[in-house]
Structure formats: C-alpha cells, structure tokens
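Here is the file work-v6.tsv (TSV, C-alpha atoms).
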```tsv
chain	number	residue	atom	x	y	z
A	1	MET	CA	8.17	9.01	-11.95
A	2	THR	CA	5.44	9.79	-14.47
A	3	GLU	CA	7.62	11.72	-16.92
A	4	VAL	CA	8.20	9.75	-20.12
A	5	THR	CA	11.79	9.77	-21.36
A	6	THR	CA	12.47	11.37	-24.73
A	7	ASP	CA	15.01	9.81	-27.12
A	8	ALA	CA	17.47	12.61	-26.33
A	9	ALA	CA	17.10	12.10	-22.60
A	10	ALA	CA	17.42	8.33	-22.97
A	11	THR	CA	20.94	8.72	-24.34
A	12	ARG	CA	21.94	10.18	-20.98
A	13	LEU	CA	20.32	7.41	-18.94
A	14	ARG	CA	21.62	3.98	-18.05
A	15	ARG	CA	19.63	1.02	-19.33
A	16	SER	CA	18.89	-2.34	-17.79
A	17	PRO	CA	20.41	-5.41	-19.48
A	18	LEU	CA	16.75	-6.39	-20.02
A	19	HIS	CA	15.88	-3.25	-21.99
A	20	GLU	CA	15.21	-5.15	-25.22
A	21	ARG	CA	12.89	-7.56	-23.40
A	22	HIS	CA	10.93	-4.61	-22.01
A	23	THR	CA	10.67	-2.98	-25.42
A	24	ALA	CA	9.36	-6.23	-26.92
A	25	ALA	CA	6.76	-6.43	-24.14
A	26	GLY	CA	5.48	-2.93	-24.99
A	27	ALA	CA	6.91	-1.13	-21.99
A	28	LYS	CA	6.36	2.56	-21.47
A	29	PHE	CA	9.63	3.91	-20.09
A	30	ALA	CA	10.41	6.69	-17.63
A	31	PRO	CA	13.58	8.09	-16.06
A	32	PHE	CA	14.21	6.89	-12.54
A	33	GLY	CA	17.38	7.41	-10.51
A	34	GLY	CA	19.44	8.01	-13.64
A	35	TRP	CA	18.09	4.95	-15.43
A	36	GLU	CA	15.49	4.42	-18.14
A	37	MET	CA	13.13	1.85	-16.61
A	38	PRO	CA	9.69	0.41	-17.40
A	39	LEU	CA	6.83	2.41	-15.93
A	40	GLU	CA	4.12	0.02	-17.12
A	41	TYR	CA	3.48	-2.46	-19.94
A	42	ALA	CA	1.06	-2.67	-22.86
A	43	GLY	CA	-1.88	-4.94	-22.14
A	44	GLY	CA	-1.42	-4.53	-18.44
A	45	GLY	CA	-1.21	-1.09	-16.96
A	46	VAL	CA	-0.87	-0.19	-13.31
A	47	LEU	CA	-4.12	-1.73	-12.08
A	48	ARG	CA	-3.60	-5.13	-13.71
A	49	GLU	CA	0.06	-5.27	-12.74
A	50	HIS	CA	-0.78	-4.32	-9.15
A	51	THR	CA	-3.53	-6.95	-8.98
A	52	ALA	CA	-1.25	-9.63	-10.41
A	53	VAL	CA	1.15	-9.13	-7.50
A	54	ARG	CA	-1.61	-9.12	-4.89
A	55	THR	CA	-3.33	-12.23	-6.29
A	56	GLY	CA	-0.81	-14.20	-8.37
A	57	VAL	CA	2.72	-13.28	-9.35
A	58	GLY	CA	4.48	-10.41	-11.08
A	59	VAL	CA	8.08	-9.75	-12.05
A	60	PHE	CA	9.82	-6.38	-11.71
A	61	ASP	CA	13.14	-5.52	-13.26
A	62	VAL	CA	14.84	-3.49	-10.54
A	63	SER	CA	18.32	-3.66	-12.00
A	64	HIS	CA	18.62	0.09	-11.51
A	65	LEU	CA	19.16	-0.58	-7.81
A	66	GLY	CA	22.77	-0.18	-6.75
A	67	LYS	CA	25.18	-2.96	-5.84
A	68	ALA	CA	28.29	-2.51	-3.73
A	69	ARG	CA	30.56	-5.09	-2.14
A	70	VAL	CA	32.48	-4.61	1.10
A	71	THR	CA	35.27	-7.14	1.62
A	72	GLY	CA	38.35	-7.75	3.70
A	73	PRO	CA	39.16	-8.52	7.34
A	74	GLY	CA	36.60	-6.81	9.57
A	75	ALA	CA	34.28	-5.85	6.69
A	76	ALA	CA	31.08	-6.67	8.59
A	77	GLU	CA	32.33	-4.89	11.72
A	78	PHE	CA	33.15	-1.83	9.61
A	79	VAL	CA	29.71	-1.77	7.95
A	80	ASN	CA	28.09	-2.17	11.36
A	81	ALA	CA	29.95	0.89	12.64
A	82	CYS	CA	28.66	2.95	9.71
A	83	LEU	CA	25.07	1.87	8.93
A	84	SER	CA	22.18	2.18	11.36
A	85	ASN	CA	20.88	-1.34	11.95
A	86	ASP	CA	22.77	-3.93	13.97
A	87	LEU	CA	24.39	-6.63	11.84
A	88	GLY	CA	25.10	-8.42	15.10
A	89	ARG	CA	21.41	-9.36	15.19
A	90	ILE	CA	21.78	-11.59	12.14
A	91	GLY	CA	24.22	-14.21	10.88
A	92	PRO	CA	25.69	-15.18	7.51
A	93	GLY	CA	23.05	-15.94	4.91
A	94	ARG	CA	20.69	-13.28	6.24
A	95	ALA	CA	19.72	-9.88	4.82
A	96	GLN	CA	18.89	-6.75	6.78
A	97	TYR	CA	17.16	-3.44	6.05
A	98	THR	CA	19.39	-0.61	7.22
A	99	LEU	CA	20.02	3.10	6.76
A	100	CYS	CA	23.02	5.18	5.78
A	101	CYS	CA	22.64	8.36	7.81
A	102	ASP	CA	24.54	11.62	7.78
A	103	ASP	CA	26.81	11.66	10.80
A	104	ALA	CA	26.16	15.30	11.68
A	105	THR	CA	22.39	15.54	11.22
A	106	GLY	CA	21.03	11.99	11.27
A	107	GLY	CA	19.29	12.62	7.94
A	108	VAL	CA	19.02	9.62	5.65
A	109	VAL	CA	21.53	9.43	2.80
A	110	ASP	CA	19.87	6.19	1.66
A	111	ASP	CA	18.07	3.07	2.78
A	112	ILE	CA	19.82	-0.18	1.93
A	113	ILE	CA	19.49	-3.95	2.03
A	114	ALA	CA	22.66	-5.52	3.44
A	115	TYR	CA	23.46	-9.17	2.56
A	116	LEU	CA	25.75	-10.62	5.23
A	117	HIS	CA	27.88	-13.34	3.59
A	118	ALA	CA	30.60	-13.58	6.23
A	119	ASP	CA	32.60	-11.49	8.68
A	120	ASP	CA	34.75	-10.38	5.74
A	121	HIS	CA	32.04	-9.99	3.10
A	122	VAL	CA	28.91	-7.80	2.96
A	123	PHE	CA	26.94	-7.09	-0.23
A	124	LEU	CA	24.87	-3.89	-0.26
A	125	ILE	CA	21.89	-2.91	-2.41
A	126	PRO	CA	21.32	0.87	-2.18
A	127	ASN	CA	18.99	2.94	-4.33
A	128	ALA	CA	20.07	3.82	-7.85
A	129	ALA	CA	20.56	7.55	-7.45
A	130	ASN	CA	22.42	7.22	-4.15
A	131	THR	CA	24.84	4.40	-4.88
A	132	ALA	CA	27.81	6.61	-5.73
A	133	GLU	CA	27.35	8.68	-2.57
A	134	VAL	CA	27.01	5.62	-0.33
A	135	VAL	CA	30.15	4.14	-1.88
A	136	ARG	CA	31.99	7.46	-1.49
A	137	ARG	CA	31.14	7.74	2.19
A	138	LEU	CA	32.10	4.13	2.90
A	139	ARG	CA	35.41	4.48	1.05
A	140	ALA	CA	36.24	7.67	2.92
A	141	ALA	CA	35.76	5.90	6.26
A	142	ALA	CA	37.17	2.46	5.44
A	143	PRO	CA	40.39	1.19	7.04
A	144	PRO	CA	43.14	-0.06	4.69
A	145	SER	CA	42.06	-3.67	5.25
A	146	VAL	CA	38.55	-3.10	3.84
A	147	THR	CA	37.74	-2.66	0.15
A	148	ILE	CA	34.50	-1.15	-1.19
A	149	THR	CA	33.72	-2.06	-4.80
A	150	ASP	CA	30.99	-0.34	-6.82
A	151	GLU	CA	29.31	-3.13	-8.84
A	152	HIS	CA	26.26	-1.11	-9.90
A	153	GLU	CA	26.10	-2.42	-13.48
A	154	ALA	CA	27.64	-5.85	-12.86
A	155	TYR	CA	24.38	-7.41	-11.69
A	156	ALA	CA	20.71	-7.40	-12.61
A	157	VAL	CA	18.00	-7.72	-9.96
A	158	LEU	CA	14.59	-9.25	-10.63
A	159	ALA	CA	11.85	-9.04	-8.00
A	160	VAL	CA	9.44	-12.00	-8.26
A	161	GLN	CA	6.51	-11.01	-6.07
A	162	GLY	CA	3.11	-12.42	-5.19
A	163	PRO	CA	1.40	-15.36	-3.44
A	164	ARG	CA	2.40	-17.73	-6.27
A	165	SER	CA	6.03	-16.58	-6.47
A	166	ALA	CA	7.36	-19.64	-4.63
A	167	GLU	CA	5.52	-21.97	-7.02
A	168	LEU	CA	7.00	-20.18	-10.00
A	169	LEU	CA	10.58	-20.37	-8.73
A	170	ALA	CA	10.19	-23.98	-7.60
A	171	SER	CA	9.03	-24.94	-11.09
A	172	LEU	CA	12.46	-23.82	-12.30
A	173	GLY	CA	14.31	-25.71	-9.59
A	174	LEU	CA	15.23	-22.56	-7.64
A	175	PRO	CA	15.18	-22.53	-3.81
A	176	THR	CA	12.11	-21.14	-2.04
A	177	GLY	CA	12.09	-22.63	1.44
A	178	HIS	CA	14.43	-20.21	3.19
A	179	GLU	CA	13.13	-17.79	5.81
A	180	TYR	CA	12.11	-14.19	5.28
A	181	MET	CA	15.14	-11.88	4.89
A	182	SER	CA	17.52	-14.74	4.15
A	183	PHE	CA	19.29	-15.67	0.92
A	184	SER	CA	20.65	-18.75	-0.84
A	185	ALA	CA	23.10	-19.32	-3.65
A	186	ALA	CA	21.34	-21.06	-6.53
A	187	THR	CA	21.91	-22.45	-10.01
A	188	LEU	CA	19.53	-22.34	-12.95
A	189	ASP	CA	20.34	-25.39	-15.01
A	190	GLY	CA	18.43	-27.24	-17.71
A	191	PHE	CA	16.25	-24.40	-18.98
A	192	SER	CA	15.79	-25.06	-22.69
A	193	GLY	CA	15.02	-21.48	-23.69
A	194	ALA	CA	16.77	-20.07	-26.70
A	195	THR	CA	18.68	-17.54	-24.62
A	196	LEU	CA	20.58	-19.96	-22.38
A	197	ASP	CA	23.81	-18.31	-23.50
A	198	GLY	CA	24.05	-20.58	-26.51
A	199	GLY	CA	24.20	-23.61	-24.23
A	200	ALA	CA	27.18	-22.17	-22.37
A	201	GLY	CA	26.16	-23.74	-19.08
A	202	PRO	CA	24.25	-23.13	-15.83
A	203	VAL	CA	23.62	-19.67	-14.42
A	204	GLU	CA	24.68	-18.86	-10.86
A	205	LEU	CA	22.50	-16.43	-8.92
A	206	THR	CA	21.40	-15.40	-5.43
A	207	VAL	CA	17.79	-15.87	-4.33
A	208	CYS	CA	16.72	-13.67	-1.40
A	209	ARG	CA	13.37	-13.72	0.42
A	210	THR	CA	12.85	-9.98	0.20
A	211	GLY	CA	10.68	-7.50	-1.65
A	212	TYR	CA	8.99	-4.12	-1.64
A	213	THR	CA	5.36	-5.10	-2.17
A	214	GLY	CA	4.10	-6.63	1.08
A	215	GLU	CA	3.56	-10.00	-0.58
A	216	LEU	CA	5.45	-13.27	-0.48
A	217	GLY	CA	8.37	-12.63	-2.79
A	218	TYR	CA	11.96	-13.11	-3.82
A	219	GLU	CA	14.68	-10.95	-5.31
A	220	LEU	CA	17.06	-12.61	-7.74
A	221	VAL	CA	20.55	-11.13	-8.02
A	222	VAL	CA	22.17	-12.38	-11.21
A	223	PRO	CA	25.24	-11.39	-13.26
A	224	ALA	CA	24.09	-8.82	-15.81
A	225	GLU	CA	25.19	-10.94	-18.77
A	226	HIS	CA	22.75	-13.67	-17.70
A	227	ALA	CA	19.74	-11.43	-17.00
A	228	THR	CA	17.88	-12.38	-20.18
A	229	THR	CA	18.32	-16.07	-19.37
A	230	ILE	CA	16.59	-15.64	-16.02
A	231	TRP	CA	13.87	-13.41	-17.49
A	232	ASP	CA	13.11	-15.90	-20.27
A	233	ALA	CA	13.11	-18.81	-17.84
A	234	LEU	CA	10.54	-17.06	-15.63
A	235	PHE	CA	8.29	-16.18	-18.54
A	236	SER	CA	8.53	-19.68	-20.02
A	237	ALA	CA	6.04	-20.57	-17.25
A	238	ASP	CA	3.74	-17.67	-18.20
A	239	GLU	CA	0.63	-19.71	-19.04
A	240	ALA	CA	0.77	-21.79	-15.89
A	241	PHE	CA	1.14	-18.82	-13.55
A	242	ALA	CA	-0.57	-15.93	-15.41
A	243	LEU	CA	2.67	-14.04	-14.87
A	244	ARG	CA	2.86	-10.34	-15.66
A	245	PRO	CA	5.84	-8.06	-16.11
A	246	CYS	CA	5.34	-5.13	-13.75
A	247	GLY	CA	6.67	-1.59	-13.92
A	248	LEU	CA	7.69	1.02	-11.42
A	249	ALA	CA	4.21	2.57	-11.30
A	250	ALA	CA	2.73	-0.62	-9.82
A	251	ARG	CA	5.76	-0.95	-7.56
A	252	ASP	CA	4.89	2.48	-6.18
A	253	THR	CA	1.21	1.70	-5.51
A	254	LEU	CA	2.14	-1.62	-3.88
A	255	ARG	CA	4.78	-0.13	-1.58
A	256	THR	CA	2.53	2.80	-0.63
A	257	GLU	CA	-0.25	0.42	0.39
A	258	MET	CA	2.29	-1.15	2.75
A	259	GLY	CA	3.50	2.19	4.06
A	260	TYR	CA	7.04	1.39	2.88
A	261	PRO	CA	9.08	4.60	2.56
A	262	LEU	CA	10.62	5.81	-0.67
A	263	HIS	CA	13.92	7.61	-0.34
A	264	GLY	CA	13.69	11.16	-1.64
A	265	GLN	CA	10.07	11.42	-0.50
A	266	ASP	CA	9.47	9.73	2.87
A	267	LEU	CA	13.16	9.51	3.84
A	268	SER	CA	15.86	12.00	2.90
A	269	LEU	CA	18.73	14.06	4.23
A	270	GLU	CA	16.02	16.32	5.67
A	271	ILE	CA	13.87	13.47	7.04
A	272	THR	CA	15.46	11.38	9.78
A	273	PRO	CA	14.51	7.80	10.71
A	274	VAL	CA	13.02	9.14	13.95
A	275	GLN	CA	10.68	11.40	11.98
A	276	ALA	CA	9.91	8.64	9.47
A	277	ARG	CA	9.09	6.12	12.21
A	278	SER	CA	11.94	3.93	11.00
A	279	GLY	CA	13.59	3.68	14.39
A	280	TRP	CA	13.12	-0.10	14.24
A	281	ALA	CA	15.97	-0.09	11.68
A	282	VAL	CA	18.35	1.60	14.11
A	283	GLY	CA	20.61	-0.31	16.52
A	284	TRP	CA	20.15	2.21	19.32
A	285	ASP	CA	22.48	0.40	21.71
A	286	LYS	CA	25.37	0.08	19.25
A	287	PRO	CA	28.45	2.04	20.34
A	288	ALA	CA	28.86	3.61	16.90
A	289	PHE	CA	26.99	4.29	13.67
A	290	TRP	CA	26.70	7.37	11.48
A	291	GLY	CA	24.26	9.87	12.99
A	292	ARG	CA	24.12	8.14	16.38
A	293	ASP	CA	24.44	11.24	18.56
A	294	ALA	CA	22.02	13.34	16.50
A	295	LEU	CA	19.41	10.58	16.35
A	296	ARG	CA	19.62	9.69	20.03
A	297	ALA	CA	19.18	13.36	20.90
A	298	GLU	CA	16.17	13.68	18.58
A	299	LYS	CA	14.62	10.52	19.95
A	300	ALA	CA	15.04	11.74	23.54
A	301	ALA	CA	13.58	15.17	22.79
A	302	GLY	CA	10.84	13.89	20.52
A	303	PRO	CA	10.70	14.70	16.79
A	304	ARG	CA	9.06	17.91	15.63
A	305	ARG	CA	7.22	15.97	12.91
A	306	THR	CA	6.35	12.35	12.22
A	307	LEU	CA	5.30	10.30	9.21
A	308	ARG	CA	1.61	9.36	9.40
A	309	GLY	CA	-0.88	7.56	7.19
A	310	LEU	CA	-3.89	9.23	5.57
A	311	GLU	CA	-6.91	7.65	3.89
A	312	ALA	CA	-9.39	9.62	1.80
A	313	VAL	CA	-12.93	10.00	3.05
A	314	ASP	CA	-14.23	10.68	-0.46
A	315	ARG	CA	-12.87	9.87	-3.95
A	316	ALA	CA	-9.92	12.28	-3.80
A	317	ILE	CA	-6.38	11.14	-4.57
A	318	PRO	CA	-3.57	12.87	-2.62
A	319	ARG	CA	-0.20	13.46	-4.25
A	320	PRO	CA	3.29	14.31	-2.96
A	321	GLY	CA	3.80	17.94	-2.01
A	322	MET	CA	0.19	18.69	-1.13
A	323	SER	CA	-0.38	20.62	2.10
A	324	VAL	CA	-2.24	19.17	5.08
A	325	TYR	CA	-4.47	21.41	7.22
A	326	VAL	CA	-6.34	21.45	10.49
A	327	GLY	CA	-8.67	24.39	10.21
A	328	ASP	CA	-6.63	27.32	8.87
A	329	ALA	CA	-3.34	25.94	10.14
A	330	THR	CA	-0.91	24.05	7.91
A	331	VAL	CA	0.22	20.99	9.87
A	332	GLY	CA	2.25	19.09	7.30
A	333	THR	CA	2.87	17.87	3.79
A	334	VAL	CA	2.03	14.73	1.83
A	335	THR	CA	5.24	12.84	1.00
A	336	SER	CA	3.68	9.91	-0.92
A	337	GLY	CA	0.15	9.68	-2.23
A	338	THR	CA	-1.71	7.49	-4.70
A	339	PHE	CA	-4.91	5.61	-5.49
A	340	SER	CA	-4.95	2.25	-3.73
A	341	PRO	CA	-6.15	-0.41	-6.19
A	342	THR	CA	-6.75	-2.78	-3.28
A	343	ARG	CA	-8.68	-0.37	-1.06
A	344	LYS	CA	-10.25	1.54	-3.98
A	345	GLN	CA	-9.50	4.86	-2.31
A	346	GLY	CA	-6.83	7.51	-2.04
A	347	ILE	CA	-4.07	6.88	0.49
A	348	ALA	CA	-1.01	8.83	1.53
A	349	LEU	CA	1.97	9.16	3.80
A	350	ALA	CA	2.43	12.63	5.25
A	351	LEU	CA	4.89	14.37	7.55
A	352	LEU	CA	2.77	16.05	10.23
A	353	ASP	CA	3.75	18.42	13.03
A	354	THR	CA	3.75	16.61	16.36
A	355	ALA	CA	2.72	19.85	18.07
A	356	ALA	CA	-0.70	19.50	16.40
A	357	GLY	CA	-1.45	16.62	18.78
A	358	LEU	CA	-3.15	14.52	16.13
A	359	VAL	CA	-4.05	10.88	16.80
A	360	ASP	CA	-5.21	8.06	14.55
A	361	GLY	CA	-8.84	8.53	13.59
A	362	ASP	CA	-8.65	12.33	13.51
A	363	LEU	CA	-9.74	14.15	10.38
A	364	VAL	CA	-7.47	16.56	8.53
A	365	GLU	CA	-7.82	18.29	5.16
A	366	VAL	CA	-5.52	18.01	2.16
A	367	ASP	CA	-5.37	20.80	-0.39
A	368	ILE	CA	-5.93	19.07	-3.75
A	369	ARG	CA	-5.68	21.66	-6.52
A	370	GLY	CA	-7.23	24.37	-4.37
A	371	ARG	CA	-9.95	22.19	-2.83
A	372	ARG	CA	-9.78	21.09	0.81
A	373	THR	CA	-10.51	17.36	0.98
A	374	PRO	CA	-11.09	15.48	4.25
A	375	MET	CA	-8.79	12.57	5.11
A	376	ARG	CA	-8.51	10.38	8.16
A	377	LEU	CA	-5.31	9.63	10.02
A	378	THR	CA	-4.44	5.95	10.23
A	379	ARG	CA	-1.39	3.83	10.93
A	380	PRO	CA	0.02	2.00	7.87
A	381	PRO	CA	-0.01	-0.53	6.38
A	382	PHE	CA	-3.20	0.14	4.47
A	383	VAL	CA	-3.50	-3.55	3.50
A	384	HIS	CA	-2.71	-6.72	5.44
A	385	PRO	CA	0.87	-7.80	4.79
A	386	SER	CA	1.58	-11.31	3.51
A	387	VAL	CA	5.38	-11.23	3.24
A	388	LYS	CA	5.90	-14.36	5.34
```

Represent the structure from my file as structure tokens, please.
Amino acid sequence: MTEVTTDAAATRLRRSPLHERHTAAGAKFAPFGGWEMPLEYAGGGVLREHTAVRTGVGVFDVSHLGKARVTGPGAAEFVNACLSNDLGRIGPGRAQYTLCCDDATGGVVDDIIAYLHADDHVFLIPNAANTAEVVRRLRAAAPPSVTITDEHEAYAVLAVQGPRSAELLASLGLPTGHEYMSFSAATLDGFSGATLDGGAGPVELTVCRTGYTGELGYELVVPAEHATTIWDALFSADEAFALRPCGLAARDTLRTEMGYPLHGQDLSLEITPVQARSGWAVGWDKPAFWGRDALRAEKAAGPRRTLRGLEAVDRAIPRPGMSVYVGDATVGTVTSGTFSPTRKQGIALALLDTAAGLVDGDLVEVDIRGRRTPMRLTRPPFVHPSVK
C-alpha cells in the first residue's frame, strides 16, 4: 500500500468519482485493489489524519470497495446459505459483517458487509479486489429466481469517522440516531454548495452506522454521480469541525489498532476464520453455508495456528512478512504491523503456531531486518473501542 502509482500505471487503475477533489487537496495516490486511491494528503499526513479520527472527525473516500445487489424471491435466504454469518439474527434495516468462504477449504474469499433491506433484497459491500470473484461465486450458485448485479462503480462510499461524526452529519440534516450496524435512507437537501448538480434537486443516499476505525462513525453510500455533492457538503463544515480528509495509510493504522483484519493479510484463502479468530462471524448452527464442513472440522480439532496480537517492548516497528521466534524456533509470521500513533509503539497481528503453547503476556522475538526484537503477546484491540 506504500507504492506510489506512476502515470502509466494509473491508466490501468480505476479512479474514484472524487479523484479531482483528492488531487485538489494534495493527495498522494497509491494503487489499492485495482484502484488509484489517496494514501495521505498534503498538510496532514498519517499521524494528523489518524489523530483527527481518534479525537475529532475524518472523512475517507472508500469508493474502491465493491457493491453488489442480490434481489428476487428468496434473496436473503440464498445469501444466508452462502455467506458465513446468520442473516436470521438481524432484520431489515440492519447490516452484518460476514465472510465468503471457499466451500472446500473454509479459506476466506472475502469479508463483506451485508445490508439487509428485505427478504428479497440484500446489498453487499465486498473488498475492491475480490468483488468480481464474490459476484462470480454467487451467480454460479444462484437459483433462477435470484439476480446478482455487480454495481461496483455505480456508487461512491464515504466513511465519516470520529467522535464528532454525528455532529457533522446532523449539521447537514442527515440521520445519526440509528443503532450500531443499522442503516437509514436519507436525503441531502438544501446544501448551497456550488456542486449541487446545478440545482438539480436533493441527493438520495444511505447512511449506515459502520466503520473500520474503532470510533463512532458512519458510511455514506451515494450514487457515484452525486459523490462530489456529498463531499463538498461535508467539507463546507470544515472550520466548525476541524475536518480532515484521510487516506488509506491512516485507515490502516486505525484498523490495526483495533485488531480488525485486512483481507489478503490477516484473512485469505489460506487463512480461515477459525485461524483468524473470526468465528464470531460464523453462524455455526446454520444448516448450510460455504465452507461449513471444513470449518466445523477445524474448529473441533483446533486450528494449527491462530491470529495473535503483538506489542513492541522497545521502539521497533514490525511489518507484514516478518518471522516470529521463540528461541531458535520459528513460530509464526507477522500479517499486519505498524506504528501505533495512539500507543506510540509498534503493534502487530501475527499468525502463530498453536503448538508453541504461547499465552498472552509471553515474550517472543520478531526478526526486523536481521535483528531479533522482543515483543509481548496481547489480545487486540490495542486501544479502547468507541464504536457505539
């Protein structure tokens, strides 16, 4: 995520409908999931953007995230028979974190937020790079009555995150009182900014109480053609809320502090939800979901490795791919690692062999560029969550 996109590479990458706004704000771009997205912004940088979300409010453009719609008689029942979590636990107007697993191995194809609109309507937000594969698998399994539509570029998604996020949205007349992991249809009307589609009328959007930062926050799903209207409306309140645009680098430090997994690092086709300690997102008693037999067998036998938290004892910063040792024995690998701006120390998630018998509080060593550095096992999150 730190590689800067060249002009030649950018021509092969999708761009957010807010790309011009990011350029004007001095964004440094990087390729991510097939998209050219802001990594950080001039005048801010990772530390200031991270702090804005922890103390005030920041806005992320996460329009690279996928969007897919499942409709038709029995749509919710079909999704529930495919994805891991149990949609029967929630009702219309609620969102749920769930996993698309490989049926044979239980490995994670992707992690997804499912918006349950009705028995015949589910809206899915997968990760950018995995959207086509999730859609392909759903289409291959769908009965004739159910339609899966790939709407990846039809919508923009803005994540408004931080303890003052509700104040910001309320100042624009948008709903904020709904419960965590629920969503409401909303209308932005009366904003006098110059980009209100030439006065074409109100903007319809969905406001969901979700996020990836561990703070109070909302995700706004808006038709792509109205993305600049919503962005400009949010930043019209800039002085009152000390609002900052935030890039994917700060998003990564924030989610790592919470111990939230990133697909491709902490979850993957090779890393099951049992290994990643994401079993809470599995409806174990459901009669059917992809990977059910493999995952139930792994759970019963016990996984050979599990995702654990590490915190640096000294000033070292662990990074993905670094080896973890106990004495001369390699016991695992760092999957996510960064400097925690909140804790002012290095933190990491690591897949560790269960046979090593490690418990929280034990010391291990991480090989950082040839130097063994002590780190202590701990259970994430690394900071106190404030999502509710």

Counting all atoms listed in the file, I want the residues whose atoms come within 10 Å of (-6.7, 1.0, -5.1) in the file frame, returned as an mmCIF file with C-alpha atoms, in the frame of the given file.
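Result file out_35.cif:
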```
data_model
loop_
_atom_site.group_PDB
_atom_site.id
_atom_site.type_symbol
_atom_site.label_atom_id
_atom_site.label_comp_id
_atom_site.auth_asym_id
_atom_site.auth_seq_id
_atom_site.Cartn_x
_atom_site.Cartn_y
_atom_site.Cartn_z
ATOM 1 C CA LEU A 47 -4.120 -1.730 -12.080
ATOM 2 C CA HIS A 50 -0.780 -4.320 -9.150
ATOM 3 C CA THR A 51 -3.530 -6.950 -8.980
ATOM 4 C CA THR A 253 1.210 1.700 -5.510
ATOM 5 C CA LEU A 254 2.140 -1.620 -3.880
ATOM 6 C CA GLU A 257 -0.250 0.420 0.390
ATOM 7 C CA THR A 338 -1.710 7.490 -4.700
ATOM 8 C CA PHE A 339 -4.910 5.610 -5.490
ATOM 9 C CA SER A 340 -4.950 2.250 -3.730
ATOM 10 C CA PRO A 341 -6.150 -0.410 -6.190
ATOM 11 C CA THR A 342 -6.750 -2.780 -3.280
ATOM 12 C CA ARG A 343 -8.680 -0.370 -1.060
ATOM 13 C CA LYS A 344 -10.250 1.540 -3.980
ATOM 14 C CA GLN A 345 -9.500 4.860 -2.310
ATOM 15 C CA GLY A 346 -6.830 7.510 -2.040
ATOM 16 C CA ILE A 347 -4.070 6.880 0.490
#
```

For Pro245 (chain A), please output as an MDAnalysis selection string all residues within 12 Å (counting only C-alpha atoms; exclusion window: fewer than 6 positions along the same chain). chainID A and resid 18 21:28 38:46 48:53 56:62 158:161 231:232 234:235 238 251

Restricting the calculation to only C-alpha atoms, which member of A:Tyr212, A:Val70, A:Tyr97, A:Asn130 is positioned closest to Ser145 (chain A)?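 Residue with the minimum atom-to-atom distance to Ser145 (chain A): A:Val70.
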
Near region 320-329 of chain A, counting all atoms listed in the file, which residues have an atom at most 6 Å away, once you skip same-chain residues fewer than 4 positions from it, shown as a list of chain:residue names? A:Thr333, A:Val334, A:Thr335, A:Ser336, A:Gly337, A:Val364, A:Glu365, A:Val366, A:Asp367

Export C-alpha atoms of the chosen residues as a compact mmCIF listing (two decimals), keeping the file's coordinate frame?
```
# COMPACT_ATOMS: atom_id res chain seq x y z
CA THR A 333 2.87 17.87 3.79
CA VAL A 334 2.03 14.73 1.83
CA THR A 335 5.24 12.84 1.00
CA SER A 336 3.68 9.91 -0.92
CA GLY A 337 0.15 9.68 -2.23
CA VAL A 364 -7.47 16.56 8.53
CA GLU A 365 -7.82 18.29 5.16
CA VAL A 366 -5.52 18.01 2.16
CA ASP A 367 -5.37 20.80 -0.39
```

Check which residues of region 186-262 of chain A sit at most 9 Å from region 375-382 of chain A using all atoms listed in the file, and return one row each with the closest pair of atoms and their distance in Å to one decimal, ordered by chain and rising number, as a tab-separated table.
```
residue	atom	partner	partner_atom	distance
A:Thr256	CA	A:Phe382	CA	8.1
A:Glu257	CA	A:Phe382	CA	5.0
A:Met258	CA	A:Pro381	CA	4.3
A:Gly259	CA	A:Pro381	CA	5.0
A:Tyr260	CA	A:Pro381	CA	8.1
```

For the atom pair CA of Ala129 (chain A) and CA of Ala249 (chain A), what is the interatomic distance in Å to one decimal place?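 The value is 17.5 Å.
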
Excluding same-chain residues fewer than 4 positions from region 291-302 of chain A, what lies within 6 Å of it counting only C-alpha atoms, as a ChimeraX atom specification? /A:101-106

So that I can check the surroundings of Gly74 (chain A), please list as a list of chain:residue names every protein, DNA and RNA residue that reaches within 8 Å of it, counting only C-alpha atoms and ignoring chain neighbours fewer than 4 positions away.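 Result of the neighbour search: A:Phe78, A:Asp119, A:Asp120, A:Ser145, A:Val146.
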
What is the distance, in Å and to one decimal place, between CA of Gly357 (chain A) and CA of Ile317 (chain A)?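 If I compute the distance from CA of Gly357 (chain A) to CA of Ile317 (chain A), I get 24.5 Å.
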
Proximity to Cys208 (chain A) - best of A:Ala276, A:Ala288, A:Leu116, A:Leu351, all atoms listed in the file: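 Closest candidate: A:Leu116.
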
Separation of CA of Ala240 (chain A) and CA of Ala166 (chain A), in Å? 13.2 Å

Write out as a PyMOL selection string the residues lying within 9 Å of Thr149 (chain A), counting all atoms listed in the file and excluding same-chain residues fewer than 4 positions away. chain A and resi 67-71+135+139

Between A:Glu311, A:Asp360, A:Glu153, A:Asp266, which is the closest to Trp35 (chain A) once you count only C-alpha atoms?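 Of the candidates, the smallest distance to Trp35 (chain A) is held by A:Glu153.
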
When distances are computed from all atoms listed in the file, which of A:Leu87, A:Leu13, A:Leu262, A:Cys246 shows the smallest separation from Asn127 (chain A)?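 So, comparing all the options, the nearest one is A:Leu262.
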
Top pick for closest residue to Lys286 (chain A), considering A:Arg54, A:Arg89, A:Arg305, A:His19 and counting all atoms listed in the file: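 Result for the nearest residue to Lys286 (chain A): A:Arg89.
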
Closest of A:Ala156, A:Leu99, A:Ala128, A:Leu138 to Ala75 (chain A) - atom-to-atom distances counting all atoms listed in the file: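 Answer, going by the shortest atom-to-atom distance: A:Leu138.
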